[in-house]
>>> print(open('start-v8.pdb').read())   # PDB, C-alpha atoms
ATOM      1  CA  MET W   1      94.779 100.520 109.147  1.00  0.00           C
ATOM      2  CA  ILE W   2      97.107 101.674 106.390  1.00  0.00           C
ATOM      3  CA  LEU W   3     100.634 102.143 107.666  1.00  0.00           C
ATOM      4  CA  VAL W   4     103.670 103.452 105.777  1.00  0.00           C
ATOM      5  CA  LEU W   5     107.110 102.449 107.043  1.00  0.00           C
ATOM      6  CA  PHE W   6     109.591 105.166 106.158  1.00  0.00           C
ATOM      7  CA  GLY W   7     113.309 105.653 106.604  1.00  0.00           C
ATOM      8  CA  PRO W   8     116.716 105.563 104.942  1.00  0.00           C
ATOM      9  CA  PRO W   9     118.419 102.409 103.651  1.00  0.00           C
ATOM     10  CA  GLY W  10     119.583 100.375 106.654  1.00  0.00           C
ATOM     11  CA  ALA W  11     117.074 101.893 109.096  1.00  0.00           C
ATOM     12  CA  GLY W  12     115.457  98.509 109.730  1.00  0.00           C
ATOM     13  CA  LYS W  13     112.261  98.900 107.698  1.00  0.00           C
ATOM     14  CA  GLY W  14     112.241  95.250 106.580  1.00  0.00           C
ATOM     15  CA  THR W  15     112.901  93.956 110.082  1.00  0.00           C
ATOM     16  CA  GLN W  16     110.173  96.140 111.578  1.00  0.00           C
ATOM     17  CA  ALA W  17     107.762  95.314 108.730  1.00  0.00           C
ATOM     18  CA  ASP W  18     107.994  91.625 109.679  1.00  0.00           C
ATOM     19  CA  GLU W  19     107.142  92.466 113.301  1.00  0.00           C
ATOM     20  CA  LEU W  20     104.328  94.869 112.417  1.00  0.00           C
ATOM     21  CA  LYS W  21     102.539  92.786 109.794  1.00  0.00           C
ATOM     22  CA  ASP W  22     102.182  89.834 112.158  1.00  0.00           C
ATOM     23  CA  LYS W  23     101.282  91.726 115.331  1.00  0.00           C
ATOM     24  CA  LEU W  24      98.866  94.124 113.611  1.00  0.00           C
ATOM     25  CA  ASN W  25      97.509  91.553 111.120  1.00  0.00           C
ATOM     26  CA  LEU W  26      98.405  93.690 108.093  1.00  0.00           C
ATOM     27  CA  ILE W  27      99.139  92.727 104.506  1.00  0.00           C
ATOM     28  CA  HIS W  28     102.780  93.635 103.791  1.00  0.00           C
ATOM     29  CA  LEU W  29     103.172  95.430 100.464  1.00  0.00           C
ATOM     30  CA  SER W  30     106.793  95.772  99.405  1.00  0.00           C
ATOM     31  CA  THR W  31     107.202  97.435  96.009  1.00  0.00           C
ATOM     32  CA  GLY W  32     110.181  95.207  95.184  1.00  0.00           C
ATOM     33  CA  ASP W  33     108.153  92.059  95.894  1.00  0.00           C
ATOM     34  CA  ILE W  34     105.160  93.389  93.953  1.00  0.00           C
ATOM     35  CA  LEU W  35     107.320  94.238  90.925  1.00  0.00           C
ATOM     36  CA  ARG W  36     108.886  90.781  90.882  1.00  0.00           C
ATOM     37  CA  GLU W  37     105.471  89.115  91.230  1.00  0.00           C
ATOM     38  CA  GLU W  38     103.848  91.172  88.441  1.00  0.00           C
ATOM     39  CA  VAL W  39     106.802  90.468  86.118  1.00  0.00           C
ATOM     40  CA  SER W  40     106.793  86.728  86.875  1.00  0.00           C
ATOM     41  CA  LYS W  41     103.011  86.494  86.325  1.00  0.00           C
ATOM     42  CA  GLU W  42     103.467  88.445  83.058  1.00  0.00           C
ATOM     43  CA  THR W  43     100.555  90.759  83.871  1.00  0.00           C
ATOM     44  CA  GLU W  44     100.007  93.795  81.661  1.00  0.00           C
ATOM     45  CA  LEU W  45     101.669  96.007  84.279  1.00  0.00           C
ATOM     46  CA  GLY W  46     104.443  93.448  84.785  1.00  0.00           C
ATOM     47  CA  ILE W  47     105.291  93.388  81.076  1.00  0.00           C
ATOM     48  CA  LEU W  48     105.466  97.199  81.015  1.00  0.00           C
ATOM     49  CA  ALA W  49     107.561  97.280  84.201  1.00  0.00           C
ATOM     50  CA  LYS W  50     109.983  94.669  82.797  1.00  0.00           C
ATOM     51  CA  LYS W  51     110.751  96.955  79.835  1.00  0.00           C
ATOM     52  CA  PHE W  52     111.894  99.692  82.236  1.00  0.00           C
ATOM     53  CA  MET W  53     113.788  97.267  84.449  1.00  0.00           C
ATOM     54  CA  ASP W  54     115.561  95.605  81.499  1.00  0.00           C
ATOM     55  CA  ALA W  55     116.662  99.046  80.301  1.00  0.00           C
ATOM     56  CA  GLY W  56     118.059  99.790  83.783  1.00  0.00           C
ATOM     57  CA  GLU W  57     115.514 102.563  84.352  1.00  0.00           C
ATOM     58  CA  LEU W  58     113.244 103.265  87.312  1.00  0.00           C
ATOM     59  CA  VAL W  59     109.698 102.023  86.898  1.00  0.00           C
ATOM     60  CA  THR W  60     107.353 104.999  86.499  1.00  0.00           C
ATOM     61  CA  ASP W  61     105.208 106.283  89.364  1.00  0.00           C
ATOM     62  CA  GLU W  62     102.114 105.470  87.296  1.00  0.00           C
ATOM     63  CA  LEU W  63     103.068 101.789  86.996  1.00  0.00           C
ATOM     64  CA  ILE W  64     104.007 101.462  90.678  1.00  0.00           C
ATOM     65  CA  ILE W  65     100.726 103.099  91.746  1.00  0.00           C
ATOM     66  CA  GLY W  66      98.839 100.779  89.379  1.00  0.00           C
ATOM     67  CA  MET W  67     100.461  97.740  90.962  1.00  0.00           C
ATOM     68  CA  ILE W  68      99.765  98.975  94.507  1.00  0.00           C
ATOM     69  CA  LYS W  69      96.159  99.699  93.536  1.00  0.00           C
ATOM     70  CA  ASN W  70      95.735  96.183  92.133  1.00  0.00           C
ATOM     71  CA  LYS W  71      97.031  94.719  95.395  1.00  0.00           C
ATOM     72  CA  ILE W  72      94.762  96.879  97.540  1.00  0.00           C
ATOM     73  CA  VAL W  73      91.668  96.275  95.418  1.00  0.00           C
ATOM     74  CA  SER W  74      92.296  92.506  95.135  1.00  0.00           C
ATOM     75  CA  ASN W  75      92.911  91.974  98.866  1.00  0.00           C
ATOM     76  CA  ASP W  76      90.676  92.130 101.898  1.00  0.00           C
ATOM     77  CA  THR W  77      90.935  95.839 102.716  1.00  0.00           C
ATOM     78  CA  ASP W  78      89.455  95.176 106.164  1.00  0.00           C
ATOM     79  CA  LYS W  79      92.773  93.583 107.083  1.00  0.00           C
ATOM     80  CA  GLY W  80      94.812  96.724 106.421  1.00  0.00           C
ATOM     81  CA  PHE W  81      98.148  97.301 104.723  1.00  0.00           C
ATOM     82  CA  LEU W  82     101.747  97.991 105.561  1.00  0.00           C
ATOM     83  CA  LEU W  83     103.601  99.815 102.785  1.00  0.00           C
ATOM     84  CA  ASP W  84     107.360  99.330 102.847  1.00  0.00           C
ATOM     85  CA  GLY W  85     109.612 101.093 100.329  1.00  0.00           C
ATOM     86  CA  PHE W  86     106.781 103.191  98.973  1.00  0.00           C
ATOM     87  CA  PRO W  87     106.145 106.059  98.487  1.00  0.00           C
ATOM     88  CA  ARG W  88     109.646 107.314  97.633  1.00  0.00           C
ATOM     89  CA  THR W  89     108.774 110.752  96.256  1.00  0.00           C
ATOM     90  CA  ILE W  90     106.202 113.445  97.008  1.00  0.00           C
ATOM     91  CA  SER W  91     104.522 112.755  93.654  1.00  0.00           C
ATOM     92  CA  GLN W  92     104.164 109.088  94.668  1.00  0.00           C
ATOM     93  CA  ALA W  93     102.794 110.115  98.084  1.00  0.00           C
ATOM     94  CA  LYS W  94     100.197 112.382  96.455  1.00  0.00           C
ATOM     95  CA  ALA W  95      99.261 109.679  93.929  1.00  0.00           C
ATOM     96  CA  LEU W  96      98.917 107.150  96.756  1.00  0.00           C
ATOM     97  CA  ASP W  97      96.626 109.530  98.678  1.00  0.00           C
ATOM     98  CA  GLU W  98      94.437 110.076  95.588  1.00  0.00           C
ATOM     99  CA  MET W  99      94.240 106.349  94.833  1.00  0.00           C
ATOM    100  CA  LEU W 100      93.340 105.522  98.442  1.00  0.00           C
ATOM    101  CA  LYS W 101      90.785 108.341  98.572  1.00  0.00           C
ATOM    102  CA  SER W 102      89.074 106.981  95.441  1.00  0.00           C
ATOM    103  CA  ASN W 103      88.680 103.687  97.342  1.00  0.00           C
ATOM    104  CA  SER W 104      87.463 105.454 100.536  1.00  0.00           C
ATOM    105  CA  LEU W 105      90.768 104.738 102.293  1.00  0.00           C
ATOM    106  CA  GLN W 106      93.594 106.837 103.718  1.00  0.00           C
ATOM    107  CA  VAL W 107      97.065 106.500 105.198  1.00  0.00           C
ATOM    108  CA  ASN W 108      96.563 106.309 108.970  1.00  0.00           C
ATOM    109  CA  HIS W 109     100.172 106.471 110.156  1.00  0.00           C
ATOM    110  CA  VAL W 110     103.623 107.031 108.677  1.00  0.00           C
ATOM    111  CA  VAL W 111     106.343 105.618 110.934  1.00  0.00           C
ATOM    112  CA  SER W 112     109.688 107.296 110.242  1.00  0.00           C
ATOM    113  CA  LEU W 113     112.688 105.357 111.543  1.00  0.00           C
ATOM    114  CA  GLU W 114     115.347 107.889 112.539  1.00  0.00           C
ATOM    115  CA  VAL W 115     118.918 106.579 112.441  1.00  0.00           C
ATOM    116  CA  ASN W 116     122.270 108.403 112.419  1.00  0.00           C
ATOM    117  CA  ASP W 117     124.211 108.128 109.114  1.00  0.00           C
ATOM    118  CA  SER W 118     127.267 106.535 110.748  1.00  0.00           C
ATOM    119  CA  ILE W 119     125.083 103.736 112.152  1.00  0.00           C
ATOM    120  CA  LEU W 120     123.343 103.274 108.775  1.00  0.00           C
ATOM    121  CA  ILE W 121     126.693 102.925 106.993  1.00  0.00           C
ATOM    122  CA  GLU W 122     127.913 100.441 109.613  1.00  0.00           C
ATOM    123  CA  ARG W 123     124.691  98.376 109.330  1.00  0.00           C
ATOM    124  CA  LEU W 124     124.734  98.335 105.533  1.00  0.00           C
ATOM    125  CA  LEU W 125     128.407  97.369 105.345  1.00  0.00           C
ATOM    126  CA  SER W 126     127.810  94.502 107.787  1.00  0.00           C
ATOM    127  CA  ARG W 127     125.058  92.990 105.575  1.00  0.00           C
ATOM    128  CA  GLY W 128     127.738  91.850 103.137  1.00  0.00           C
ATOM    129  CA  ARG W 129     125.726  92.464  99.966  1.00  0.00           C
ATOM    130  CA  SER W 130     127.747  92.994  96.804  1.00  0.00           C
ATOM    131  CA  ASP W 131     126.196  96.437  96.201  1.00  0.00           C
ATOM    132  CA  ASP W 132     126.843  97.577  99.774  1.00  0.00           C
ATOM    133  CA  ASN W 133     130.251  99.271  99.604  1.00  0.00           C
ATOM    134  CA  GLU W 134     130.881 102.586 101.359  1.00  0.00           C
ATOM    135  CA  GLU W 135     130.740 104.718  98.182  1.00  0.00           C
ATOM    136  CA  THR W 136     127.487 103.139  96.988  1.00  0.00           C
ATOM    137  CA  ILE W 137     125.958 103.412 100.451  1.00  0.00           C
ATOM    138  CA  LYS W 138     126.823 107.122 100.724  1.00  0.00           C
ATOM    139  CA  ASN W 139     125.297 107.684  97.280  1.00  0.00           C
ATOM    140  CA  ARG W 140     122.111 105.832  98.312  1.00  0.00           C
ATOM    141  CA  LEU W 141     121.891 107.976 101.448  1.00  0.00           C
ATOM    142  CA  ASP W 142     122.324 111.149  99.350  1.00  0.00           C
ATOM    143  CA  VAL W 143     119.567 110.015  96.976  1.00  0.00           C
ATOM    144  CA  TYR W 144     117.354 109.281  99.995  1.00  0.00           C
ATOM    145  CA  LYS W 145     118.011 112.732 101.491  1.00  0.00           C
ATOM    146  CA  ASN W 146     117.389 114.556  98.195  1.00  0.00           C
ATOM    147  CA  GLN W 147     114.439 112.597  96.799  1.00  0.00           C
ATOM    148  CA  THR W 148     112.712 110.714  99.606  1.00  0.00           C
ATOM    149  CA  LEU W 149     113.273 112.727 102.792  1.00  0.00           C
ATOM    150  CA  PRO W 150     110.968 115.591 101.613  1.00  0.00           C
ATOM    151  CA  ILE W 151     108.052 113.154 102.053  1.00  0.00           C
ATOM    152  CA  LYS W 152     108.561 113.471 105.793  1.00  0.00           C
ATOM    153  CA  GLU W 153     107.385 117.106 105.738  1.00  0.00           C
ATOM    154  CA  TYR W 154     104.471 116.127 103.493  1.00  0.00           C
ATOM    155  CA  TYR W 155     103.234 113.591 106.045  1.00  0.00           C
ATOM    156  CA  LYS W 156     104.083 115.816 109.017  1.00  0.00           C
ATOM    157  CA  SER W 157     101.735 118.455 107.591  1.00  0.00           C
ATOM    158  CA  SER W 158      98.923 115.883 107.360  1.00  0.00           C
ATOM    159  CA  GLY W 159      99.412 114.879 111.009  1.00  0.00           C
ATOM    160  CA  THR W 160     100.142 111.211 110.229  1.00  0.00           C
ATOM    161  CA  LEU W 161     103.925 111.210 110.856  1.00  0.00           C
ATOM    162  CA  ILE W 162     105.355 109.370 113.868  1.00  0.00           C
ATOM    163  CA  GLU W 163     109.129 109.649 114.395  1.00  0.00           C
ATOM    164  CA  ILE W 164     110.804 106.684 116.088  1.00  0.00           C
ATOM    165  CA  LYS W 165     114.448 106.446 117.158  1.00  0.00           C
ATOM    166  CA  GLY W 166     115.606 103.530 115.003  1.00  0.00           C
ATOM    167  CA  ASP W 167     119.110 102.929 116.335  1.00  0.00           C
ATOM    168  CA  ASP W 168     117.987 101.068 119.464  1.00  0.00           C
ATOM    169  CA  SER W 169     117.590  97.271 119.603  1.00  0.00           C
ATOM    170  CA  VAL W 170     115.009  95.667 117.292  1.00  0.00           C
ATOM    171  CA  GLU W 171     112.828  94.895 120.322  1.00  0.00           C
ATOM    172  CA  THR W 172     112.999  98.448 121.689  1.00  0.00           C
ATOM    173  CA  VAL W 173     112.200  99.981 118.290  1.00  0.00           C
ATOM    174  CA  SER W 174     109.229  97.592 117.876  1.00  0.00           C
ATOM    175  CA  LYS W 175     107.957  98.409 121.371  1.00  0.00           C
ATOM    176  CA  ASN W 176     108.225 102.152 120.657  1.00  0.00           C
ATOM    177  CA  ILE W 177     106.367 101.785 117.356  1.00  0.00           C
ATOM    178  CA  PHE W 178     103.519  99.825 118.971  1.00  0.00           C
ATOM    179  CA  SER W 179     103.282 102.327 121.842  1.00  0.00           C
ATOM    180  CA  SER W 180     103.054 105.240 119.410  1.00  0.00           C
ATOM    181  CA  LEU W 181     100.308 103.577 117.346  1.00  0.00           C
ATOM    182  CA  LYS W 182      97.959 103.149 120.316  1.00  0.00           C
TER     183      LYS W 182
END
>>> encode(input="start-v8.pdb", output="structure tokens")
Amino acid sequence: MILVLFGPPGAGKGTQADELKDKLNLIHLSTGDILREEVSKETELGILAKKFMDAGELVTDELIIGMIKNKIVSNDTDKGFLLDGFPRTISQAKALDEMLKSNSLQVNHVVSLEVNDSILIERLLSRGRSDDNEETIKNRLDVYKNQTLPIKEYYKSSGTLIEIKGDDSVETVSKNIFSSLK
């Protein structure tokens, strides 16, 4: 199974990813973790990615897809994957589909965690991270709505999208996700 966990910052993707990967026996692929690993191992892709990161720029779709592909090809694909934080744009979603197709794979489900903005802001402010102030959070939510949210329609049209109310308790959200995947 290839599962994409989707939702705005603060929706609980990381929390749910931990639950899902263990219960469904999936390999958790977080783009942030993959980037850090590639950079620390000084792989060819990691060296290229570091140049973008050091310049304060976003790593290109091509590099991110390359890193995801390396992870998928180098791991036991029978186990399945959980993608968290990727794709973030329609171009990344299309590139992911093409890459998976070339390996005779496909995204099986996209779980979209639906949470009201006021709850997201409250959650993010309570995390206490230095970059989580109200202005920054509102900007991150705007970026999400403008750049990432269109992916929802892309996956809805392919019939893989599952919408889950994400402002319930962690346990209730997990239970609803598992019920919808059966």
>>> closest_residue(input="start-v8.pdb", among="W:Gly166, W:Gly66, W:Gly46, W:Gly10", to="Leu100 (chain W)", atoms="all atoms listed in the file")
W:Gly66
>>> residues_around(input="start-v8.pdb", residues="Val73 (chain W)", least_positions_apart="4", cutoff="12 Å", atoms="all atoms listed in the file", output="JSON, numbers by chain")
{"W": [65, 66, 67, 68, 69, 77, 78, 80, 81, 99, 100, 102, 103, 104, 105]}
>>> closest_atom_pairs(input="start-v8.pdb", of="region 10-101 of chain W", to="region 148-164 of chain W", cutoff="12 Å", atoms="only C-alpha atoms", output="JSON lines")
{"residue": "W:Ala11", "atom": "CA", "partner": "W:Ile164", "partner_atom": "CA", "distance": 10.5}
{"residue": "W:Gly12", "atom": "CA", "partner": "W:Ile164", "partner_atom": "CA", "distance": 11.4}
{"residue": "W:Lys13", "atom": "CA", "partner": "W:Ile164", "partner_atom": "CA", "distance": 11.5}
{"residue": "W:Gln16", "atom": "CA", "partner": "W:Ile164", "partner_atom": "CA", "distance": 11.5}
{"residue": "W:Gly85", "atom": "CA", "partner": "W:Thr148", "partner_atom": "CA", "distance": 10.1}
{"residue": "W:Phe86", "atom": "CA", "partner": "W:Thr148", "partner_atom": "CA", "distance": 9.6}
{"residue": "W:Pro87", "atom": "CA", "partner": "W:Thr148", "partner_atom": "CA", "distance": 8.1}
{"residue": "W:Arg88", "atom": "CA", "partner": "W:Thr148", "partner_atom": "CA", "distance": 5.0}
{"residue": "W:Thr89", "atom": "CA", "partner": "W:Thr148", "partner_atom": "CA", "distance": 5.2}
{"residue": "W:Ile90", "atom": "CA", "partner": "W:Ile151", "partner_atom": "CA", "distance": 5.4}
{"residue": "W:Ser91", "atom": "CA", "partner": "W:Ile151", "partner_atom": "CA", "distance": 9.1}
{"residue": "W:Gln92", "atom": "CA", "partner": "W:Ile151", "partner_atom": "CA", "distance": 9.3}
{"residue": "W:Ala93", "atom": "CA", "partner": "W:Ile151", "partner_atom": "CA", "distance": 7.3}
{"residue": "W:Lys94", "atom": "CA", "partner": "W:Tyr154", "partner_atom": "CA", "distance": 9.0}
{"residue": "W:Asp97", "atom": "CA", "partner": "W:Tyr155", "partner_atom": "CA", "distance": 10.7}
>>> closest_residue(input="start-v8.pdb", among="W:Leu58, W:Leu20, W:Leu181, W:Met53", to="Asn108 (chain W)", atoms="only C-alpha atoms")
W:Leu181
>>> residues_around(input="start-v8.pdb", residues="Ser118 (chain W)", least_positions_apart="2", cutoff="12 Å", atoms="only C-alpha atoms", output="list in words")
Gly10, Ala11, Val115, Asn116, Leu120, Ile121, Glu122, Arg123, Leu124, Leu125, Glu134, Ile137, Lys138, Leu141 and Asp167 of chain W
>>> write_last_selection(input="start-v8.pdb", atoms="C-alpha atoms", output="short mmCIF file (atom, residue, chain, number, x, y, z; two decimals), keeping the file's coordinate frame")
data_model
loop_
_atom_site.label_atom_id
_atom_site.label_comp_id
_atom_site.auth_asym_id
_atom_site.auth_seq_id
_atom_site.Cartn_x
_atom_site.Cartn_y
_atom_site.Cartn_z
CA GLY W 10 119.58 100.38 106.65
CA ALA W 11 117.07 101.89 109.10
CA VAL W 115 118.92 106.58 112.44
CA ASN W 116 122.27 108.40 112.42
CA LEU W 120 123.34 103.27 108.78
CA ILE W 121 126.69 102.92 106.99
CA GLU W 122 127.91 100.44 109.61
CA ARG W 123 124.69 98.38 109.33
CA LEU W 124 124.73 98.34 105.53
CA LEU W 125 128.41 97.37 105.34
CA GLU W 134 130.88 102.59 101.36
CA ILE W 137 125.96 103.41 100.45
CA LYS W 138 126.82 107.12 100.72
CA LEU W 141 121.89 107.98 101.45
CA ASP W 167 119.11 102.93 116.34
#
>>> residues_around(input="start-v8.pdb", residues="Lys21 (chain W)", least_positions_apart="2", cutoff="12 Å", atoms="only C-alpha atoms", output="JSON, numbers by chain")
{"W": [1, 2, 3, 4, 5, 13, 14, 15, 16, 17, 18, 19, 23, 24, 25, 26, 27, 28, 29, 30, 79, 80, 81, 82, 83, 84, 174, 178]}
>>> atom_distance(input="start-v8.pdb", atom1="CA of Asp54 (chain W)", atom2="CA of Asn139 (chain W)")
22.1 Å
>>> closest_residue(input="start-v8.pdb", among="W:Asn176, W:Asn70, W:Thr31, W:Thr136", to="Leu45 (chain W)", atoms="only C-alpha atoms")
W:Asn70
>>> atom_distance(input="start-v8.pdb", atom1="CA of Leu35 (chain W)", atom2="CA of Phe52 (chain W)")
11.2 Å
>>> resolve_selection(input="start-v8.pdb", expression="the PyMOL selection byres ((chain W and resi 6) around 6)", output="short mmCIF file (atom, residue, chain, number, x, y, z; two decimals) with C-alpha atoms, in the coordinates of the input")
data_model
loop_
_atom_site.label_atom_id
_atom_site.label_comp_id
_atom_site.auth_asym_id
_atom_site.auth_seq_id
_atom_site.Cartn_x
_atom_site.Cartn_y
_atom_site.Cartn_z
CA LEU W 5 107.11 102.45 107.04
CA GLY W 7 113.31 105.65 106.60
CA VAL W 111 106.34 105.62 110.93
CA SER W 112 109.69 107.30 110.24
#
>>> atom_distance(input="start-v8.pdb", atom1="CA of Lys145 (chain W)", atom2="CA of Lys71 (chain W)")
28.3 Å
